[in-house]
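A.B. asks: Got a structure for you, protein33.txt, holding compact mmCIF, C-alpha atoms and all ligand atoms.
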# COMPACT_ATOMS: atom_id res chain seq x y z
CA MET A 1 -21.21 -11.81 -14.22
CA SER A 2 -23.48 -13.34 -11.58
CA ILE A 3 -25.06 -11.02 -9.07
CA SER A 4 -23.35 -12.79 -6.17
CA GLU A 5 -19.86 -12.27 -7.54
CA SER A 6 -17.58 -10.24 -5.33
CA ILE A 7 -16.11 -7.29 -7.22
CA PRO A 8 -14.60 -4.02 -5.99
CA GLN A 9 -17.20 -1.32 -5.57
CA ARG A 10 -15.44 1.46 -3.66
CA LEU A 11 -11.83 2.49 -3.15
CA TYR A 12 -11.00 4.70 -0.18
CA LEU A 13 -7.65 6.53 -0.08
CA MET A 14 -6.76 7.05 3.58
CA GLN A 15 -4.25 9.81 4.29
CA LEU A 16 -2.71 9.02 7.69
CA SER A 17 -0.31 11.97 7.95
CA THR A 18 1.56 14.56 5.94
CA SER A 19 5.07 15.95 6.42
CA THR A 20 7.40 18.38 4.71
CA ILE A 21 11.06 17.46 4.40
CA PRO A 22 13.50 20.32 3.71
CA LEU A 23 15.92 19.69 0.83
CA PRO A 24 19.11 21.57 -0.18
CA GLU A 25 18.71 24.85 -2.08
CA GLY A 26 15.47 25.78 -0.35
CA GLN A 27 13.44 23.00 -1.92
CA GLN A 28 11.12 20.73 -0.01
CA LEU A 29 9.56 17.30 -0.34
CA ASP A 30 5.87 16.96 0.52
CA MET A 31 5.29 13.45 1.79
CA VAL A 32 2.21 11.51 2.85
CA CYS A 33 1.82 8.31 4.84
CA VAL A 34 -1.21 6.36 3.62
CA CYS A 35 -3.27 3.20 3.48
CA TYR A 36 -6.25 2.06 1.40
CA LEU A 37 -9.58 0.30 1.79
CA ILE A 38 -11.53 -1.59 -0.88
CA GLU A 39 -15.20 -2.46 -0.37
CA THR A 40 -16.65 -5.19 -2.57
CA SER A 41 -20.15 -5.67 -3.95
CA ASP A 42 -20.85 -8.43 -1.41
CA GLY A 43 -19.69 -6.37 1.57
CA LYS A 44 -16.10 -7.60 2.00
CA HIS A 45 -13.53 -5.15 3.32
CA ILE A 46 -9.98 -5.35 2.08
CA LEU A 47 -7.40 -3.11 3.72
CA ILE A 48 -4.01 -2.37 2.16
CA ASP A 49 -1.29 -1.60 4.75
CA THR A 50 -1.81 0.03 8.16
CA GLY A 51 0.67 2.96 8.38
CA LEU A 52 3.11 4.08 11.07
CA PRO A 53 2.75 2.70 14.60
CA PRO A 54 1.83 5.20 17.34
CA ASP A 55 5.25 4.95 19.03
CA ILE A 56 7.31 5.88 15.95
CA LYS A 57 7.70 9.35 14.51
CA MET A 58 9.13 10.19 11.10
CA PRO A 59 12.22 12.46 10.96
CA ALA A 60 10.09 15.42 9.89
CA PRO A 61 7.16 16.42 12.12
CA ALA A 62 3.88 14.88 10.96
CA GLU A 63 0.70 16.89 10.54
CA ASN A 64 -2.94 16.06 9.85
CA GLU A 65 -2.56 12.80 11.73
CA LYS A 66 -5.38 10.27 11.69
CA ASN A 67 -4.48 6.61 12.15
CA VAL A 68 -6.04 3.62 10.39
CA VAL A 69 -8.36 2.78 13.30
CA GLU A 70 -9.71 6.34 13.33
CA HIS A 71 -10.18 6.25 9.56
CA LEU A 72 -12.08 2.96 9.78
CA ALA A 73 -14.23 4.30 12.65
CA GLU A 74 -15.22 7.23 10.46
CA LEU A 75 -16.72 4.62 8.09
CA ASP A 76 -18.37 2.75 11.00
CA LEU A 77 -15.84 -0.06 10.75
CA HIS A 78 -13.59 -1.78 13.30
CA PRO A 79 -10.43 -3.83 12.73
CA ALA A 80 -12.55 -7.00 13.19
CA ASP A 81 -14.58 -6.01 10.10
CA ILE A 82 -11.57 -6.36 7.81
CA ASP A 83 -11.64 -9.65 5.86
CA ILE A 84 -8.30 -9.35 4.08
CA LEU A 85 -5.23 -7.23 4.85
CA ILE A 86 -2.90 -6.90 1.86
CA CYS A 87 0.66 -6.43 3.14
CA THR A 88 2.66 -4.59 0.48
CA HIS A 89 5.84 -4.88 2.56
CA PHE A 90 6.92 -4.80 6.20
CA ASP A 91 8.55 -1.33 6.40
CA ILE A 92 7.62 0.60 9.53
CA ASP A 93 5.38 3.11 7.74
CA HIS A 94 3.22 0.27 6.34
CA VAL A 95 2.82 -2.25 9.20
CA GLY A 96 2.19 -0.12 12.29
CA TYR A 97 -1.19 -1.57 13.26
CA HIS A 98 -1.08 -5.06 11.72
CA GLU A 99 -1.35 -6.76 15.11
CA LEU A 100 -4.93 -5.48 15.49
CA PHE A 101 -6.14 -7.41 12.44
CA THR A 102 -6.36 -10.87 13.98
CA GLN A 103 -9.70 -11.65 12.26
CA ALA A 104 -8.30 -10.98 8.79
CA GLU A 105 -6.33 -13.04 6.32
CA LEU A 106 -3.00 -11.24 5.77
CA VAL A 107 -1.72 -11.62 2.21
CA VAL A 108 1.99 -11.17 1.54
CA GLN A 109 4.58 -12.35 -1.00
CA ARG A 110 6.19 -15.56 0.25
CA HIS A 111 9.69 -14.29 -0.60
CA HIS A 112 9.16 -11.17 1.51
CA TYR A 113 7.66 -13.06 4.43
CA GLU A 114 10.40 -15.69 4.48
CA LEU A 115 13.19 -13.08 4.36
CA ALA A 116 11.57 -11.28 7.28
CA GLN A 117 11.13 -14.52 9.22
CA GLN A 118 14.79 -15.34 8.61
CA GLY A 119 15.73 -12.16 10.45
CA HIS A 120 16.37 -9.69 7.62
CA PRO A 121 17.57 -6.62 9.59
CA ARG A 122 15.28 -4.24 7.68
CA PHE A 123 12.17 -5.94 9.11
CA ALA A 124 13.54 -6.95 12.53
CA THR A 125 12.52 -3.70 14.20
CA THR A 126 8.91 -4.02 13.00
CA GLN A 127 8.50 -7.65 14.16
CA SER A 128 6.14 -6.83 17.02
CA HIS A 129 3.63 -5.60 14.43
CA TRP A 130 3.84 -8.20 11.62
CA ASN A 131 5.02 -11.25 13.54
CA HIS A 132 2.28 -11.34 16.13
CA PRO A 133 1.22 -14.94 17.04
CA ASP A 134 -2.49 -14.21 16.47
CA LEU A 135 -2.05 -13.14 12.83
CA HIS A 136 -3.00 -15.47 9.95
CA TYR A 137 -0.91 -15.24 6.80
CA ARG A 138 -1.53 -16.40 3.27
CA LEU A 139 1.70 -16.53 1.27
CA ILE A 140 1.60 -15.94 -2.47
CA ASP A 141 4.19 -16.23 -5.23
CA GLY A 142 4.40 -13.44 -7.81
CA ASP A 143 1.47 -11.75 -9.58
CA PHE A 144 -1.81 -13.00 -8.16
CA GLU A 145 -5.53 -12.36 -8.70
CA LEU A 146 -6.79 -12.05 -5.15
CA LEU A 147 -10.44 -11.56 -6.14
CA PRO A 148 -12.04 -10.69 -9.47
CA GLY A 149 -10.93 -7.08 -9.98
CA ILE A 150 -8.07 -7.07 -7.46
CA THR A 151 -4.64 -8.16 -8.68
CA LEU A 152 -1.43 -8.10 -6.66
CA ILE A 153 1.64 -7.22 -8.72
CA GLU A 154 5.07 -8.33 -7.54
CA THR A 155 7.34 -5.24 -7.70
CA SER A 156 10.66 -5.88 -5.97
CA GLY A 157 13.34 -3.20 -5.88
CA HIS A 158 12.24 -0.92 -3.06
CA ALA A 159 12.16 -4.06 -0.93
CA PRO A 160 12.48 -7.73 -1.93
CA GLY A 161 9.00 -9.16 -2.55
CA HIS A 162 7.25 -5.77 -2.45
CA GLN A 163 3.80 -5.78 -4.04
CA SER A 164 1.63 -3.17 -5.77
CA VAL A 165 -2.15 -3.45 -6.28
CA LEU A 166 -4.36 -3.10 -9.37
CA VAL A 167 -8.04 -2.39 -8.57
CA ARG A 168 -10.74 -2.45 -11.27
CA LEU A 169 -13.56 -0.12 -10.28
CA PRO A 170 -16.98 -0.26 -11.98
CA GLN A 171 -17.09 3.43 -12.96
CA THR A 172 -13.56 4.79 -12.65
CA GLY A 173 -11.94 1.78 -14.35
CA PRO A 174 -8.56 0.29 -13.44
CA VAL A 175 -6.57 2.16 -10.76
CA LEU A 176 -2.98 1.23 -9.95
CA LEU A 177 -1.72 1.63 -6.40
CA ALA A 178 2.03 1.66 -6.98
CA ILE A 179 2.81 1.81 -3.24
CA ASP A 180 6.60 2.15 -2.72
CA ALA A 181 7.53 0.68 -6.10
CA VAL A 182 7.04 4.33 -7.19
CA VAL A 183 6.85 6.75 -4.26
CA PHE A 184 6.69 9.97 -6.34
CA GLN A 185 5.18 10.56 -9.77
CA ARG A 186 8.44 12.00 -11.14
CA LEU A 187 10.18 8.66 -10.42
CA PHE A 188 7.84 6.72 -12.71
CA ASN A 189 10.46 5.96 -15.38
CA THR A 190 13.05 3.31 -16.11
CA ASN A 191 16.28 5.30 -15.68
CA ARG A 192 15.55 6.38 -12.11
CA GLN A 193 18.21 6.10 -9.44
CA ALA A 194 17.68 4.13 -6.27
CA TRP A 195 17.26 6.03 -3.01
CA PRO A 196 19.06 4.97 0.18
CA THR A 197 15.74 3.42 1.27
CA ASP A 198 15.62 1.19 -1.84
CA ASP A 199 17.02 -2.33 -1.91
CA ASN A 200 18.03 -2.92 -5.55
CA GLU A 201 18.26 -0.39 -8.39
CA GLY A 202 18.06 -2.94 -11.20
CA GLN A 203 14.88 -4.47 -9.80
CA LEU A 204 13.47 -1.01 -9.08
CA ARG A 205 13.85 -0.06 -12.75
CA ALA A 206 12.46 -3.41 -13.91
CA SER A 207 9.42 -2.91 -11.66
CA SER A 208 8.91 0.60 -13.10
CA GLN A 209 8.96 -0.93 -16.58
CA LYS A 210 6.53 -3.64 -15.49
CA LEU A 211 4.08 -1.06 -14.11
CA LEU A 212 4.46 1.25 -17.15
CA ASP A 213 3.60 -1.74 -19.37
CA LEU A 214 0.65 -2.61 -17.15
CA VAL A 215 -0.72 0.97 -17.30
CA GLU A 216 -0.69 0.76 -21.09
CA ARG A 217 -1.99 -2.81 -21.39
CA GLU A 218 -4.81 -2.48 -18.86
CA GLY A 219 -5.86 1.07 -19.73
CA VAL A 220 -5.17 2.24 -16.17
CA GLN A 221 -7.10 5.48 -15.48
CA PHE A 222 -4.73 6.77 -12.85
CA VAL A 223 -1.77 5.68 -10.76
CA VAL A 224 -1.58 6.51 -7.05
CA PHE A 225 2.03 7.02 -5.95
CA GLY A 226 3.15 5.76 -2.54
CA HIS A 227 4.20 8.92 -0.69
CA ASP A 228 3.59 11.76 -3.15
CA GLY A 229 2.15 14.62 -1.07
CA GLY A 230 1.74 16.81 -4.16
CA GLN A 231 -0.33 14.17 -5.93
CA TRP A 232 -2.33 13.23 -2.83
CA ALA A 233 -3.40 16.86 -2.42
CA THR A 234 -5.28 16.47 -5.72
CA LEU A 235 -6.97 13.12 -4.93
CA LYS A 236 -10.31 12.29 -3.36
CA LYS A 237 -9.64 11.08 0.17
CA SER A 238 -11.63 9.01 2.66
CA PRO A 239 -14.46 9.27 3.70
CA ALA A 240 -14.99 10.20 0.03
CA TYR A 241 -14.23 7.35 -2.36
CA TYR A 242 -13.73 6.30 -5.96
CA GLU A 243 -16.31 3.92 -7.40
ZN ZN B 1 6.70 3.64 2.55
As structure tokens - that is how I would like this structure written.
Ligand SMILES: [Zn+2]
C.D. replies:
Amino acid sequence: MSISESIPQRLYLMQLSTSTIPLPEGQQLDMVCVCYLIETSDGKHILIDTGLPPDIKMPAPAENEKNVVEHLAELDLHPADIDILICTHFDIDHVGYHELFTQAELVVQRHHYELAQQGHPRFATTQSHWNHPDLHYRLIDGDFELLPGITLIETSGHAPGHQSVLVRLPQTGPVLLAIDAVVFQRLFNTNRQAWPTDDNEGQLRASSQKLLDLVEREGVQFVVFGHDGGQWATLKKSPAYYE
């Protein structure tokens, strides 16, 4: 490896908010809304998603709120410092601040982007965030090595053209960010049932299988699940980082 090669050096897990959703029989669901930042050895900054917009509230009251701009500021960064914004999908809790990242290259699956552009109702309400005229998109098709050590994994099912992210860190090893392909740890299996927020159960199960295979094949050290408040409580969060 040459010294100038750009490889991931730090992974920041940014917790944007937490909420508790009451379930029947006195149970509850602890949810988080999140995004991620990767810093490379040559000083590039790669952001993954941007969270809920300020004007939208989740059904359950959110606590511990700190938006992506505030998280970046804590690291002495501004939206203009972000080189690449990986768009996992255009749901409202993932695209809320995209319009601020006009200096970045936004990377999204072509299939997802084209469906959204064609007026897919699921992404129509979030248009003002992802369809801003000053944003620059790079469209990719399927699994894709974005940089050495950062691979985007096509994982449809939750949404068509959803993508997860594999990050190879120098000390920790490979870390899989499942995003909404697997929102809770207990759903990481192949006989899971789709939730009302999922698009396609067959694809959801196939994507689970694909990620389970990847964990085994790549020796993934840990998987970060998309909205799992219980898991996130145990993880190192920004401004701390994994390296
Ligand atoms: Zn989500």
A.B. asks: Go through the chains and note each residue within 9 Å of ligand ZN 1 (chain B), using all atoms listed in the file, then give the set as number ranges by chain.
C.D. replies: A: 33-34, 51, 89, 91-94, 179-180, 183, 226-227
A.B. asks: Between A:Ser208, A:Gln103, A:Ser19, A:Asn67, which one has atoms that come closest to Pro79 of chain A, using only C-alpha atoms?
C.D. replies: A:Gln103
A.B. asks: Do a neighbour search on Lys44 of chain A at 10 Å with all atoms listed in the file, toss out local chain neighbours closer than 6 positions, and write the hits as JSON, numbers by chain.
C.D. replies: {"A": [6, 7, 8, 9, 38, 81, 82, 83, 84]}
A.B. asks: Got a sec: who's within 7 Å of segment 114-131 of chain A, counting all atoms listed in the file, leaving out chain neighbours fewer than 5 positions off, as a short mmCIF file (atom, residue, chain, number, x, y, z; two decimals) with C-alpha atoms, keeping the file's coordinate frame?
C.D. replies:
data_model
loop_
_atom_site.label_atom_id
_atom_site.label_comp_id
_atom_site.auth_asym_id
_atom_site.auth_seq_id
_atom_site.Cartn_x
_atom_site.Cartn_y
_atom_site.Cartn_z
CA PHE A 90 6.92 -4.80 6.20
CA ASP A 91 8.55 -1.33 6.40
CA ILE A 92 7.62 0.60 9.53
CA VAL A 95 2.82 -2.25 9.20
CA GLY A 96 2.19 -0.12 12.29
CA TYR A 97 -1.19 -1.57 13.26
CA HIS A 98 -1.08 -5.06 11.72
CA GLU A 99 -1.35 -6.76 15.11
#
A.B. asks: Sorted by chain and rising residue number, list the residues of segment 85-171 of chain A at most 12 Å from segment 11-14 of chain A (counting all atoms listed in the file), each with its closest atom pair and distance in Å to one decimal, as CSV.
C.D. replies:
residue,atom,partner,partner_atom,distance
A:Gly149,CA,A:Leu11,CA,11.8
A:Ile150,CA,A:Leu11,CA,11.1
A:Val165,CA,A:Leu11,CA,11.8
A:Leu166,CA,A:Leu11,CA,11.2
A:Val167,CA,A:Leu11,CA,8.2
A:Arg168,CA,A:Leu11,CA,9.6
A:Leu169,CA,A:Leu11,CA,7.8
A:Pro170,CA,A:Leu11,CA,10.6
A:Gln171,CA,A:Leu11,CA,11.2
A.B. asks: Could you build a table of the residues in segment 185-223 of chain A lying no more than 12 Å from segment 152-161 of chain A, giving for each the nearest pair of atoms and their separation in Å rounded to one decimal place, using all atoms listed in the file, ordered by chain and ascending residue number, as JSON lines?
C.D. replies:
{"residue": "A:Arg192", "atom": "CA", "partner": "A:Gly157", "partner_atom": "CA", "distance": 11.6}
{"residue": "A:Gln193", "atom": "CA", "partner": "A:Gly157", "partner_atom": "CA", "distance": 11.1}
{"residue": "A:Ala194", "atom": "CA", "partner": "A:His158", "partner_atom": "CA", "distance": 8.1}
{"residue": "A:Trp195", "atom": "CA", "partner": "A:His158", "partner_atom": "CA", "distance": 8.6}
{"residue": "A:Pro196", "atom": "CA", "partner": "A:His158", "partner_atom": "CA", "distance": 9.6}
{"residue": "A:Thr197", "atom": "CA", "partner": "A:His158", "partner_atom": "CA", "distance": 7.1}
{"residue": "A:Asp198", "atom": "CA", "partner": "A:His158", "partner_atom": "CA", "distance": 4.2}
{"residue": "A:Asp199", "atom": "CA", "partner": "A:His158", "partner_atom": "CA", "distance": 5.1}
{"residue": "A:Asn200", "atom": "CA", "partner": "A:Gly157", "partner_atom": "CA", "distance": 4.7}
{"residue": "A:Glu201", "atom": "CA", "partner": "A:Gly157", "partner_atom": "CA", "distance": 6.2}
{"residue": "A:Gly202", "atom": "CA", "partner": "A:Gly157", "partner_atom": "CA", "distance": 7.1}
{"residue": "A:Gln203", "atom": "CA", "partner": "A:Gly157", "partner_atom": "CA", "distance": 4.4}
{"residue": "A:Leu204", "atom": "CA", "partner": "A:Gly157", "partner_atom": "CA", "distance": 3.9}
{"residue": "A:Arg205", "atom": "CA", "partner": "A:Gly157", "partner_atom": "CA", "distance": 7.6}
{"residue": "A:Ala206", "atom": "CA", "partner": "A:Gly157", "partner_atom": "CA", "distance": 8.1}
{"residue": "A:Ser207", "atom": "CA", "partner": "A:Thr155", "partner_atom": "CA", "distance": 5.0}
{"residue": "A:Ser208", "atom": "CA", "partner": "A:Thr155", "partner_atom": "CA", "distance": 8.1}
{"residue": "A:Gln209", "atom": "CA", "partner": "A:Thr155", "partner_atom": "CA", "distance": 10.0}
{"residue": "A:Lys210", "atom": "CA", "partner": "A:Thr155", "partner_atom": "CA", "distance": 8.0}
{"residue": "A:Leu211", "atom": "CA", "partner": "A:Thr155", "partner_atom": "CA", "distance": 8.3}
{"residue": "A:Leu212", "atom": "CA", "partner": "A:Thr155", "partner_atom": "CA", "distance": 11.8}
{"residue": "A:Leu214", "atom": "CA", "partner": "A:Ile153", "partner_atom": "CA", "distance": 9.7}
A.B. asks: Which is closer to Glu65 of chain A than all the others in A:Pro24, A:Pro148, A:Gly43, A:Pro53, using all atoms listed in the file?
C.D. replies: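 Ranked by minimum distance to Glu65 of chain A, first place goes to A:Pro53.
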